[in-house]
file run.cif (mmCIF, C-alpha atoms)
data_target
#
loop_
_atom_site.group_PDB
_atom_site.id
_atom_site.type_symbol
_atom_site.label_atom_id
_atom_site.label_comp_id
_atom_site.auth_asym_id
_atom_site.auth_seq_id
_atom_site.Cartn_x
_atom_site.Cartn_y
_atom_site.Cartn_z
ATOM 1 C CA MET F 1 -110.200 -50.730 -64.376
ATOM 2 C CA ASN F 2 -112.406 -48.258 -66.190
ATOM 3 C CA GLU F 3 -115.674 -48.543 -64.270
ATOM 4 C CA GLY F 4 -117.579 -46.956 -67.135
ATOM 5 C CA ARG F 5 -116.955 -50.046 -69.278
ATOM 6 C CA LEU F 6 -118.795 -52.211 -66.769
ATOM 7 C CA GLN F 7 -122.098 -50.580 -67.659
ATOM 8 C CA ARG F 8 -123.020 -52.459 -70.829
ATOM 9 C CA ILE F 9 -125.929 -50.133 -71.573
ATOM 10 C CA PRO F 10 -124.468 -46.583 -71.479
ATOM 11 C CA PRO F 11 -125.825 -44.293 -68.719
ATOM 12 C CA HIS F 12 -127.221 -41.788 -71.234
ATOM 13 C CA LEU F 13 -129.807 -44.370 -72.293
ATOM 14 C CA ALA F 14 -131.974 -43.655 -69.278
ATOM 15 C CA PRO F 15 -135.615 -44.726 -69.825
ATOM 16 C CA GLN F 16 -137.814 -42.113 -71.474
ATOM 17 C CA LYS F 17 -141.435 -41.972 -72.508
ATOM 18 C CA GLY F 18 -142.621 -42.027 -76.090
ATOM 19 C CA GLU F 19 -140.722 -43.270 -79.119
ATOM 20 C CA ILE F 20 -137.971 -42.282 -81.536
ATOM 21 C CA ARG F 21 -137.481 -42.381 -85.295
ATOM 22 C CA LEU F 22 -134.483 -44.571 -86.135
ATOM 23 C CA PHE F 23 -134.178 -44.103 -89.899
ATOM 24 C CA LYS F 24 -134.758 -41.210 -92.278
ATOM 25 C CA ASN F 25 -135.684 -43.729 -94.971
ATOM 26 C CA LYS F 26 -139.413 -44.490 -94.694
ATOM 27 C CA LEU F 27 -139.043 -48.142 -95.736
ATOM 28 C CA LEU F 28 -136.284 -48.866 -93.220
ATOM 29 C CA GLU F 29 -138.237 -47.094 -90.507
ATOM 30 C CA ARG F 30 -141.315 -49.163 -91.330
ATOM 31 C CA LEU F 31 -139.306 -52.397 -91.303
ATOM 32 C CA SER F 32 -137.908 -51.516 -87.876
ATOM 33 C CA ARG F 33 -141.420 -51.534 -86.428
ATOM 34 C CA ILE F 34 -143.317 -54.755 -85.807
ATOM 35 C CA SER F 35 -146.465 -55.901 -84.027
ATOM 36 C CA PRO F 36 -146.791 -59.179 -82.097
ATOM 37 C CA GLN F 37 -149.691 -60.147 -84.371
ATOM 38 C CA THR F 38 -147.291 -60.182 -87.321
ATOM 39 C CA VAL F 39 -144.876 -62.433 -85.441
ATOM 40 C CA LEU F 40 -147.694 -64.846 -84.606
ATOM 41 C CA ALA F 41 -148.939 -64.838 -88.205
ATOM 42 C CA VAL F 42 -145.461 -65.735 -89.476
ATOM 43 C CA TYR F 43 -144.288 -68.265 -86.896
ATOM 44 C CA LEU F 44 -147.425 -70.219 -85.980
ATOM 45 C CA PRO F 45 -147.697 -71.721 -89.503
ATOM 46 C CA ILE F 46 -143.980 -72.598 -89.362
ATOM 47 C CA ILE F 47 -144.506 -74.376 -86.048
ATOM 48 C CA VAL F 48 -147.600 -76.251 -87.279
ATOM 49 C CA PHE F 49 -145.776 -77.351 -90.449
ATOM 50 C CA SER F 50 -142.756 -78.490 -88.428
ATOM 51 C CA VAL F 51 -144.938 -80.585 -86.096
ATOM 52 C CA TRP F 52 -146.652 -82.203 -89.105
ATOM 53 C CA LYS F 53 -143.312 -82.815 -90.823
ATOM 54 C CA SER F 54 -141.855 -84.462 -87.734
ATOM 55 C CA PHE F 55 -144.686 -86.991 -87.441
ATOM 56 C CA ALA F 56 -144.891 -87.423 -91.220
ATOM 57 C CA ILE F 57 -141.383 -88.896 -91.276
ATOM 58 C CA GLY F 58 -142.329 -91.362 -88.536
ATOM 59 C CA VAL F 59 -140.934 -89.814 -85.363
ATOM 60 C CA SER F 60 -142.609 -91.327 -82.301
ATOM 61 C CA PRO F 61 -144.430 -89.080 -79.791
ATOM 62 C CA LEU F 62 -141.811 -89.919 -77.119
ATOM 63 C CA VAL F 63 -138.877 -88.962 -79.331
ATOM 64 C CA PHE F 64 -140.719 -85.846 -80.480
ATOM 65 C CA GLY F 65 -141.324 -84.868 -76.831
ATOM 66 C CA VAL F 66 -137.644 -85.258 -75.949
ATOM 67 C CA LEU F 67 -136.560 -83.262 -78.998
ATOM 68 C CA PHE F 68 -139.182 -80.607 -78.305
ATOM 69 C CA LEU F 69 -138.159 -80.114 -74.651
ATOM 70 C CA SER F 70 -134.501 -80.052 -75.669
ATOM 71 C CA GLY F 71 -135.309 -77.328 -78.186
ATOM 72 C CA VAL F 72 -137.146 -75.239 -75.597
ATOM 73 C CA ILE F 73 -134.252 -75.510 -73.131
ATOM 74 C CA PHE F 74 -131.777 -74.661 -75.893
ATOM 75 C CA TRP F 75 -133.812 -71.565 -76.748
ATOM 76 C CA THR F 76 -133.757 -70.297 -73.144
ATOM 77 C CA LEU F 77 -129.955 -70.603 -73.148
ATOM 78 C CA LEU F 78 -129.659 -68.911 -76.551
ATOM 79 C CA GLU F 79 -131.960 -66.123 -75.360
ATOM 80 C CA PHE F 80 -129.744 -65.556 -72.316
ATOM 81 C CA VAL F 81 -126.489 -65.605 -74.314
ATOM 82 C CA LEU F 82 -127.764 -63.256 -77.026
ATOM 83 C CA HIS F 83 -129.180 -60.801 -74.500
ATOM 84 C CA ARG F 84 -126.112 -60.800 -72.288
ATOM 85 C CA TYR F 85 -123.319 -60.817 -74.862
ATOM 86 C CA ALA F 86 -124.775 -59.600 -78.166
ATOM 87 C CA PHE F 87 -127.367 -57.036 -77.089
ATOM 88 C CA HIS F 88 -125.392 -55.747 -74.107
ATOM 89 C CA PHE F 89 -121.890 -55.552 -75.546
ATOM 90 C CA PHE F 90 -119.995 -52.397 -74.621
ATOM 91 C CA PRO F 91 -119.604 -50.321 -77.818
ATOM 92 C CA VAL F 92 -116.276 -48.790 -78.819
ATOM 93 C CA GLY F 93 -116.416 -46.010 -81.362
ATOM 94 C CA ASP F 94 -119.315 -44.232 -83.041
ATOM 95 C CA PHE F 95 -120.185 -47.104 -85.390
ATOM 96 C CA GLN F 96 -120.524 -49.665 -82.584
ATOM 97 C CA VAL F 97 -122.518 -47.163 -80.521
ATOM 98 C CA ARG F 98 -124.958 -46.791 -83.418
ATOM 99 C CA VAL F 99 -125.184 -50.566 -83.945
ATOM 100 C CA GLN F 100 -125.809 -51.240 -80.267
ATOM 101 C CA PHE F 101 -128.460 -48.542 -80.102
ATOM 102 C CA LEU F 102 -130.280 -50.008 -83.120
ATOM 103 C CA PHE F 103 -130.040 -53.545 -81.729
ATOM 104 C CA HIS F 104 -131.042 -52.959 -78.133
ATOM 105 C CA GLY F 105 -130.202 -49.521 -76.772
ATOM 106 C CA VAL F 106 -133.351 -48.035 -78.265
ATOM 107 C CA HIS F 107 -135.422 -50.474 -76.213
ATOM 108 C CA HIS F 108 -133.712 -49.434 -72.989
ATOM 109 C CA GLN F 109 -134.174 -45.753 -73.760
ATOM 110 C CA TYR F 110 -137.767 -46.157 -74.957
ATOM 111 C CA PRO F 111 -138.887 -49.351 -73.169
ATOM 112 C CA ASN F 112 -142.598 -48.828 -73.806
ATOM 113 C CA ASP F 113 -142.467 -48.171 -77.546
ATOM 114 C CA LYS F 114 -145.008 -50.857 -78.445
ATOM 115 C CA ASP F 115 -143.729 -51.259 -82.027
ATOM 116 C CA ARG F 116 -140.202 -52.180 -80.938
ATOM 117 C CA LEU F 117 -140.845 -54.870 -78.349
ATOM 118 C CA VAL F 118 -140.475 -57.839 -80.704
ATOM 119 C CA MET F 119 -137.754 -58.531 -83.270
ATOM 120 C CA PRO F 120 -138.519 -57.483 -86.873
ATOM 121 C CA VAL F 121 -139.413 -60.617 -88.848
ATOM 122 C CA THR F 122 -136.921 -59.748 -91.600
ATOM 123 C CA LEU F 123 -134.109 -60.260 -89.102
ATOM 124 C CA SER F 124 -135.667 -63.066 -87.067
ATOM 125 C CA LEU F 125 -136.429 -65.143 -90.186
ATOM 126 C CA LEU F 126 -132.815 -64.839 -91.332
ATOM 127 C CA ILE F 127 -131.590 -66.030 -87.931
ATOM 128 C CA THR F 128 -134.205 -68.803 -87.912
ATOM 129 C CA ALA F 129 -133.108 -70.040 -91.341
ATOM 130 C CA LEU F 130 -129.451 -70.125 -90.312
ATOM 131 C CA LEU F 131 -130.284 -71.983 -87.109
ATOM 132 C CA PHE F 132 -132.390 -74.503 -89.005
ATOM 133 C CA LEU F 133 -129.486 -75.238 -91.352
ATOM 134 C CA LEU F 134 -127.204 -75.764 -88.344
ATOM 135 C CA PHE F 135 -129.745 -77.989 -86.589
ATOM 136 C CA SER F 136 -130.228 -80.010 -89.796
ATOM 137 C CA VAL F 137 -126.526 -80.838 -89.858
ATOM 138 C CA ILE F 138 -126.640 -81.941 -86.215
ATOM 139 C CA PHE F 139 -129.986 -83.769 -86.061
ATOM 140 C CA GLY F 140 -130.619 -84.886 -89.623
ATOM 141 C CA GLU F 141 -134.252 -85.974 -90.104
ATOM 142 C CA PHE F 142 -134.930 -85.467 -86.384
ATOM 143 C CA VAL F 143 -134.439 -81.742 -86.801
ATOM 144 C CA TRP F 144 -138.157 -80.919 -86.944
ATOM 145 C CA GLY F 145 -139.014 -81.797 -83.335
ATOM 146 C CA PHE F 146 -136.046 -79.844 -81.985
ATOM 147 C CA PHE F 147 -136.852 -76.945 -84.311
ATOM 148 C CA VAL F 148 -140.433 -76.822 -83.003
ATOM 149 C CA GLY F 149 -139.123 -76.423 -79.449
ATOM 150 C CA VAL F 150 -136.689 -73.662 -80.408
ATOM 151 C CA THR F 151 -139.224 -71.791 -82.524
ATOM 152 C CA LEU F 152 -141.996 -72.050 -79.948
ATOM 153 C CA GLY F 153 -139.490 -70.902 -77.331
ATOM 154 C CA TYR F 154 -138.696 -67.862 -79.444
ATOM 155 C CA LEU F 155 -142.377 -67.129 -79.914
ATOM 156 C CA ALA F 156 -142.945 -67.398 -76.158
ATOM 157 C CA TYR F 157 -140.027 -65.008 -75.619
ATOM 158 C CA ASP F 158 -141.437 -62.379 -77.976
ATOM 159 C CA MET F 159 -144.971 -62.633 -76.580
ATOM 160 C CA THR F 160 -143.708 -62.605 -72.972
ATOM 161 C CA HIS F 161 -141.554 -59.566 -73.627
ATOM 162 C CA TYR F 162 -144.416 -57.698 -75.266
ATOM 163 C CA SER F 163 -146.789 -58.614 -72.437
ATOM 164 C CA ILE F 164 -144.345 -57.577 -69.717
ATOM 165 C CA HIS F 165 -144.209 -54.052 -71.091
ATOM 166 C CA HIS F 166 -148.002 -53.793 -71.449
ATOM 167 C CA ILE F 167 -149.294 -55.628 -68.388
ATOM 168 C CA ARG F 168 -148.727 -54.196 -64.942
ATOM 169 C CA ALA F 169 -147.910 -56.951 -62.442
ATOM 170 C CA PRO F 170 -150.027 -59.818 -63.853
ATOM 171 C CA ARG F 171 -151.920 -61.955 -61.338
ATOM 172 C CA ASN F 172 -150.387 -65.252 -62.450
ATOM 173 C CA VAL F 173 -147.564 -66.018 -60.013
ATOM 174 C CA TYR F 174 -145.065 -67.218 -62.638
ATOM 175 C CA LEU F 175 -145.764 -64.339 -65.025
ATOM 176 C CA LYS F 176 -145.581 -61.885 -62.131
ATOM 177 C CA ARG F 177 -142.087 -63.147 -61.281
ATOM 178 C CA LEU F 178 -140.994 -62.782 -64.906
ATOM 179 C CA TRP F 179 -142.499 -59.284 -64.997
ATOM 180 C CA LYS F 180 -140.527 -58.229 -61.922
ATOM 181 C CA HIS F 181 -137.379 -59.953 -63.217
ATOM 182 C CA HIS F 182 -137.451 -57.966 -66.458
ATOM 183 C CA MET F 183 -138.470 -54.699 -64.841
ATOM 184 C CA ASP F 184 -135.490 -55.056 -62.504
ATOM 185 C CA HIS F 185 -133.290 -55.459 -65.578
ATOM 186 C CA HIS F 186 -134.578 -52.174 -66.972
ATOM 187 C CA TYR F 187 -134.857 -50.067 -63.840
ATOM 188 C CA ARG F 188 -132.434 -51.523 -61.252
ATOM 189 C CA ASP F 189 -129.358 -53.069 -62.894
ATOM 190 C CA THR F 190 -129.042 -53.584 -66.650
ATOM 191 C CA ASN F 191 -126.077 -55.919 -66.084
ATOM 192 C CA LYS F 192 -128.300 -58.552 -64.458
ATOM 193 C CA ALA F 193 -131.543 -60.449 -65.131
ATOM 194 C CA TYR F 194 -130.954 -61.239 -68.802
ATOM 195 C CA GLY F 195 -133.586 -63.954 -69.097
ATOM 196 C CA VAL F 196 -136.983 -62.827 -70.361
ATOM 197 C CA SER F 197 -139.063 -65.950 -70.902
ATOM 198 C CA SER F 198 -137.175 -67.758 -68.124
ATOM 199 C CA ALA F 199 -134.827 -66.822 -65.281
ATOM 200 C CA LEU F 200 -133.205 -70.286 -65.345
ATOM 201 C CA TRP F 201 -129.815 -69.244 -66.717
ATOM 202 C CA ASP F 202 -129.611 -66.161 -64.508
ATOM 203 C CA HIS F 203 -129.727 -68.581 -61.573
ATOM 204 C CA VAL F 204 -127.115 -70.831 -63.211
ATOM 205 C CA PHE F 205 -124.664 -68.059 -64.116
ATOM 206 C CA GLY F 206 -125.187 -65.830 -61.077
ATOM 207 C CA THR F 207 -126.818 -62.861 -62.776
ATOM 208 C CA MET F 208 -129.947 -62.701 -60.648
ATOM 209 C CA GLN F 209 -130.796 -59.347 -59.144
ATOM 210 C CA THR F 210 -130.112 -58.975 -55.442
ATOM 211 C CA GLN F 211 -133.453 -59.126 -53.701
ATOM 212 C CA LYS F 212 -134.496 -56.039 -51.782
ATOM 213 C CA LYS F 213 -135.047 -56.571 -48.078
#
call {"tool": "encode", "arguments": {"input": "run.cif", "output": "structure tokens"}}
result
Amino acid sequence: MNEGRLQRIPPHLAPQKGEIRLFKNKLLERLSRISPQTVLAVYLPIIVFSVWKSFAIGVSPLVFGVLFLSGVIFWTLLEFVLHRYAFHFFPVGDFQVRVQFLFHGVHHQYPNDKDRLVMPVTLSLLITALLFLLFSVIFGEFVWGFFVGVTLGYLAYDMTHYSIHHIRAPRNVYLKRLWKHHMDHHYRDTNKAYGVSSALWDHVFGTMQTQKK
């Protein structure tokens, strides 16, 4: 077996300081950069509207709570799957190398570039819209409560990821564990510790980092 193919993030993407320009086109370069404040400004109104819509159609608080928690759990699984299989696929050929670098490799090479720690809203909104259509088919009028859980889960993921790269070992025990979990992913073994907002699925699928003695 070619051992080089086991390293999903190529070895040449060793962490570096600073940042990099991805596009010669000024508009594309600007769209590739995003602040967490922009993400909050876009998604908080969507979440508030979805909560209102859910209760406006007569969903009970109990049903809403079940749908909401189900949505949060679904998001943590989706986060794990996307990170492990979409962001960390092994590229074959120059085109796939470029695509993988744009999607995720740039973050591993420049992990502290503060403008590339959350997903650009142009892309995230497209994914959100497609997911909402899928959820609507599955849940019908109950979609709003589930959608709130998924969307809030995504927002927590983005804010957690941004915080991890800008807060050194937070005092909160849970956040400190997440901080270490993600730092291990970057600086110990990029083929493990795929969860960012939660390590749940790393435990389930056996991708936790081996603890140092």
call {"tool": "residues_around", "arguments": {"input": "run.cif", "residues": "Pro111 in chain F", "least_positions_apart": "3", "cutoff": "12 Å", "atoms": "all atoms listed in the file", "output": "list in words"}}
result
Leu13, Ala14, Pro15, Gln16, Lys17, Gly18, Glu19, Ile20, His104, Gly105, Val106, His107, His108, Lys114, Asp115, Arg116, Leu117, Val118, His161, Tyr162, Ile164, His165, His166, His182, Met183, His185, His186 and Tyr187 of chain F
call {"tool": "residues_around", "arguments": {"input": "run.cif", "residues": "Gly206 in chain F", "least_positions_apart": "2", "cutoff": "12 Å", "atoms": "all atoms listed in the file", "output": "list in words"}}
result
Asn191, Lys192, Ala193, Tyr194, Gly195, Ala199, Leu200, Trp201, Asp202, His203, Val204, Met208, Gln209 and Thr210 of chain F
call {"tool": "write_last_selection", "arguments": {"input": "run.cif", "atoms": "C-alpha atoms", "output": "compact mmCIF listing (two decimals), in the frame of the given file"}}
result
# COMPACT_ATOMS: atom_id res chain seq x y z
CA ASN F 191 -126.08 -55.92 -66.08
CA LYS F 192 -128.30 -58.55 -64.46
CA ALA F 193 -131.54 -60.45 -65.13
CA TYR F 194 -130.95 -61.24 -68.80
CA GLY F 195 -133.59 -63.95 -69.10
CA ALA F 199 -134.83 -66.82 -65.28
CA LEU F 200 -133.21 -70.29 -65.34
CA TRP F 201 -129.82 -69.24 -66.72
CA ASP F 202 -129.61 -66.16 -64.51
CA HIS F 203 -129.73 -68.58 -61.57
CA VAL F 204 -127.12 -70.83 -63.21
CA MET F 208 -129.95 -62.70 -60.65
CA GLN F 209 -130.80 -59.35 -59.14
CA THR F 210 -130.11 -58.98 -55.44
call {"tool": "axis_aligned_box", "arguments": {"input": "run.cif", "around": "range 77-90 of chain F", "padding_each_side": "3 Å", "output": "lines of an AutoDock Vina configuration file"}}
result
center_x = -126.0
center_y = -61.5
center_z = -75.2
size_x = 18.0
size_y = 24.2
size_z = 11.9
call {"tool": "atom_distance", "arguments": {"input": "run.cif", "atom1": "CA of Val81 in chain F", "atom2": "CA of Leu131 in chain F"}}
result
14.8 Å
call {"tool": "residues_around", "arguments": {"input": "run.cif", "residues": "Trp144 in chain F", "least_positions_apart": "6", "cutoff": "9 Å", "atoms": "all atoms listed in the file", "output": "PyMOL selection string"}}
result
chain F and resi 50-55+64+67-68+132+135-136
call {"tool": "atom_distance", "arguments": {"input": "run.cif", "atom1": "CA of Ala56 in chain F", "atom2": "CA of Leu69 in chain F"}}
result
19.3 Å
call {"tool": "atom_distance", "arguments": {"input": "run.cif", "atom1": "CA of Gly149 in chain F", "atom2": "CA of Tyr43 in chain F"}}
result
12.2 Å
call {"tool": "residues_around", "arguments": {"input": "run.cif", "residues": "Ser32 in chain F", "least_positions_apart": "2", "cutoff": "8 Å", "atoms": "all atoms listed in the file", "output": "number ranges by chain"}}
result
F: 22, 28-30, 34, 116, 120
call {"tool": "closest_residue", "arguments": {"input": "run.cif", "among": "F:Val59, F:Val72, F:Leu44, F:Ala86", "to": "Phe147 in chain F", "atoms": "all atoms listed in the file"}}
result
F:Val72
call {"tool": "residues_near_point", "arguments": {"input": "run.cif", "point": "(-147.5, -61.8, -81.7)", "cutoff": "10 Å", "atoms": "all atoms listed in the file", "output": "MDAnalysis selection string"}}
result
chainID F and resid 34:44 118 155:156 158:160 162:163
call {"tool": "build_atoms", "arguments": {"input": "run.cif", "residues": "range 158-186 of chain F", "atoms": "N, CA and C atoms", "output": "PDB file, in the coordinates of the input"}}
result
ATOM      1  N   ASP F 158    -140.908 -63.617 -77.406  1.00  0.00           N
ATOM      2  CA  ASP F 158    -141.437 -62.379 -77.976  1.00  0.00           C
ATOM      3  C   ASP F 158    -142.757 -61.981 -77.326  1.00  0.00           C
ATOM      4  N   MET F 159    -143.668 -62.939 -77.159  1.00  0.00           N
ATOM      5  CA  MET F 159    -144.971 -62.633 -76.580  1.00  0.00           C
ATOM      6  C   MET F 159    -144.842 -62.261 -75.101  1.00  0.00           C
ATOM      7  N   THR F 160    -143.938 -62.934 -74.389  1.00  0.00           N
ATOM      8  CA  THR F 160    -143.708 -62.605 -72.972  1.00  0.00           C
ATOM      9  C   THR F 160    -143.149 -61.203 -72.845  1.00  0.00           C
ATOM     10  N   HIS F 161    -142.171 -60.892 -73.689  1.00  0.00           N
ATOM     11  CA  HIS F 161    -141.554 -59.566 -73.627  1.00  0.00           C
ATOM     12  C   HIS F 161    -142.567 -58.463 -73.921  1.00  0.00           C
ATOM     13  N   TYR F 162    -143.391 -58.694 -74.931  1.00  0.00           N
ATOM     14  CA  TYR F 162    -144.416 -57.698 -75.266  1.00  0.00           C
ATOM     15  C   TYR F 162    -145.400 -57.535 -74.109  1.00  0.00           C
ATOM     16  N   SER F 163    -145.813 -58.658 -73.528  1.00  0.00           N
ATOM     17  CA  SER F 163    -146.789 -58.614 -72.437  1.00  0.00           C
ATOM     18  C   SER F 163    -146.231 -57.917 -71.205  1.00  0.00           C
ATOM     19  N   ILE F 164    -144.968 -58.175 -70.899  1.00  0.00           N
ATOM     20  CA  ILE F 164    -144.345 -57.577 -69.717  1.00  0.00           C
ATOM     21  C   ILE F 164    -144.419 -56.058 -69.776  1.00  0.00           C
ATOM     22  N   HIS F 165    -144.223 -55.505 -70.961  1.00  0.00           N
ATOM     23  CA  HIS F 165    -144.209 -54.052 -71.091  1.00  0.00           C
ATOM     24  C   HIS F 165    -145.610 -53.459 -71.250  1.00  0.00           C
ATOM     25  N   HIS F 166    -146.640 -54.306 -71.291  1.00  0.00           N
ATOM     26  CA  HIS F 166    -148.002 -53.793 -71.449  1.00  0.00           C
ATOM     27  C   HIS F 166    -148.966 -54.330 -70.406  1.00  0.00           C
ATOM     28  N   ILE F 167    -148.457 -55.138 -69.479  1.00  0.00           N
ATOM     29  CA  ILE F 167    -149.294 -55.628 -68.388  1.00  0.00           C
ATOM     30  C   ILE F 167    -148.618 -55.271 -67.080  1.00  0.00           C
ATOM     31  N   ARG F 168    -149.311 -54.588 -66.220  1.00  0.00           N
ATOM     32  CA  ARG F 168    -148.727 -54.196 -64.942  1.00  0.00           C
ATOM     33  C   ARG F 168    -148.965 -55.292 -63.903  1.00  0.00           C
ATOM     34  N   ALA F 169    -147.873 -55.916 -63.477  1.00  0.00           N
ATOM     35  CA  ALA F 169    -147.910 -56.951 -62.442  1.00  0.00           C
ATOM     36  C   ALA F 169    -149.062 -57.931 -62.655  1.00  0.00           C
ATOM     37  N   PRO F 170    -148.959 -58.841 -63.604  1.00  0.00           N
ATOM     38  CA  PRO F 170    -150.027 -59.818 -63.853  1.00  0.00           C
ATOM     39  C   PRO F 170    -150.312 -60.658 -62.616  1.00  0.00           C
ATOM     40  N   ARG F 171    -151.518 -61.196 -62.533  1.00  0.00           N
ATOM     41  CA  ARG F 171    -151.920 -61.955 -61.338  1.00  0.00           C
ATOM     42  C   ARG F 171    -151.270 -63.328 -61.277  1.00  0.00           C
ATOM     43  N   ASN F 172    -151.030 -63.945 -62.431  1.00  0.00           N
ATOM     44  CA  ASN F 172    -150.387 -65.252 -62.450  1.00  0.00           C
ATOM     45  C   ASN F 172    -149.019 -65.171 -61.763  1.00  0.00           C
ATOM     46  N   VAL F 173    -148.772 -66.076 -60.830  1.00  0.00           N
ATOM     47  CA  VAL F 173    -147.564 -66.018 -60.013  1.00  0.00           C
ATOM     48  C   VAL F 173    -146.300 -66.090 -60.865  1.00  0.00           C
ATOM     49  N   TYR F 174    -146.260 -67.055 -61.807  1.00  0.00           N
ATOM     50  CA  TYR F 174    -145.065 -67.218 -62.638  1.00  0.00           C
ATOM     51  C   TYR F 174    -144.832 -65.992 -63.512  1.00  0.00           C
ATOM     52  N   LEU F 175    -145.891 -65.504 -64.161  1.00  0.00           N
ATOM     53  CA  LEU F 175    -145.764 -64.339 -65.025  1.00  0.00           C
ATOM     54  C   LEU F 175    -145.401 -63.096 -64.215  1.00  0.00           C
ATOM     55  N   LYS F 176    -145.911 -63.022 -62.993  1.00  0.00           N
ATOM     56  CA  LYS F 176    -145.581 -61.885 -62.131  1.00  0.00           C
ATOM     57  C   LYS F 176    -144.096 -61.870 -61.793  1.00  0.00           C
ATOM     58  N   ARG F 177    -143.526 -63.057 -61.563  1.00  0.00           N
ATOM     59  CA  ARG F 177    -142.087 -63.147 -61.281  1.00  0.00           C
ATOM     60  C   ARG F 177    -141.267 -62.731 -62.503  1.00  0.00           C
ATOM     61  N   LEU F 178    -141.696 -63.179 -63.690  1.00  0.00           N
ATOM     62  CA  LEU F 178    -140.994 -62.782 -64.906  1.00  0.00           C
ATOM     63  C   LEU F 178    -141.110 -61.280 -65.132  1.00  0.00           C
ATOM     64  N   TRP F 179    -142.272 -60.728 -64.860  1.00  0.00           N
ATOM     65  CA  TRP F 179    -142.499 -59.284 -64.997  1.00  0.00           C
ATOM     66  C   TRP F 179    -141.522 -58.513 -64.112  1.00  0.00           C
ATOM     67  N   LYS F 180    -141.438 -58.898 -62.847  1.00  0.00           N
ATOM     68  CA  LYS F 180    -140.527 -58.229 -61.922  1.00  0.00           C
ATOM     69  C   LYS F 180    -139.071 -58.418 -62.341  1.00  0.00           C
ATOM     70  N   HIS F 181    -138.740 -59.634 -62.788  1.00  0.00           N
ATOM     71  CA  HIS F 181    -137.379 -59.953 -63.217  1.00  0.00           C
ATOM     72  C   HIS F 181    -136.937 -59.015 -64.336  1.00  0.00           C
ATOM     73  N   HIS F 182    -137.812 -58.804 -65.318  1.00  0.00           N
ATOM     74  CA  HIS F 182    -137.451 -57.966 -66.458  1.00  0.00           C
ATOM     75  C   HIS F 182    -137.491 -56.480 -66.101  1.00  0.00           C
ATOM     76  N   MET F 183    -138.435 -56.085 -65.273  1.00  0.00           N
ATOM     77  CA  MET F 183    -138.470 -54.699 -64.841  1.00  0.00           C
ATOM     78  C   MET F 183    -137.224 -54.337 -64.033  1.00  0.00           C
ATOM     79  N   ASP F 184    -136.741 -55.279 -63.241  1.00  0.00           N
ATOM     80  CA  ASP F 184    -135.490 -55.056 -62.504  1.00  0.00           C
ATOM     81  C   ASP F 184    -134.326 -54.865 -63.477  1.00  0.00           C
ATOM     82  N   HIS F 185    -134.344 -55.603 -64.564  1.00  0.00           N
ATOM     83  CA  HIS F 185    -133.290 -55.459 -65.578  1.00  0.00           C
ATOM     84  C   HIS F 185    -133.296 -54.049 -66.158  1.00  0.00           C
ATOM     85  N   HIS F 186    -134.470 -53.511 -66.388  1.00  0.00           N
ATOM     86  CA  HIS F 186    -134.578 -52.174 -66.972  1.00  0.00           C
ATOM     87  C   HIS F 186    -134.302 -51.070 -65.965  1.00  0.00           C
TER      88      HIS F 186
END
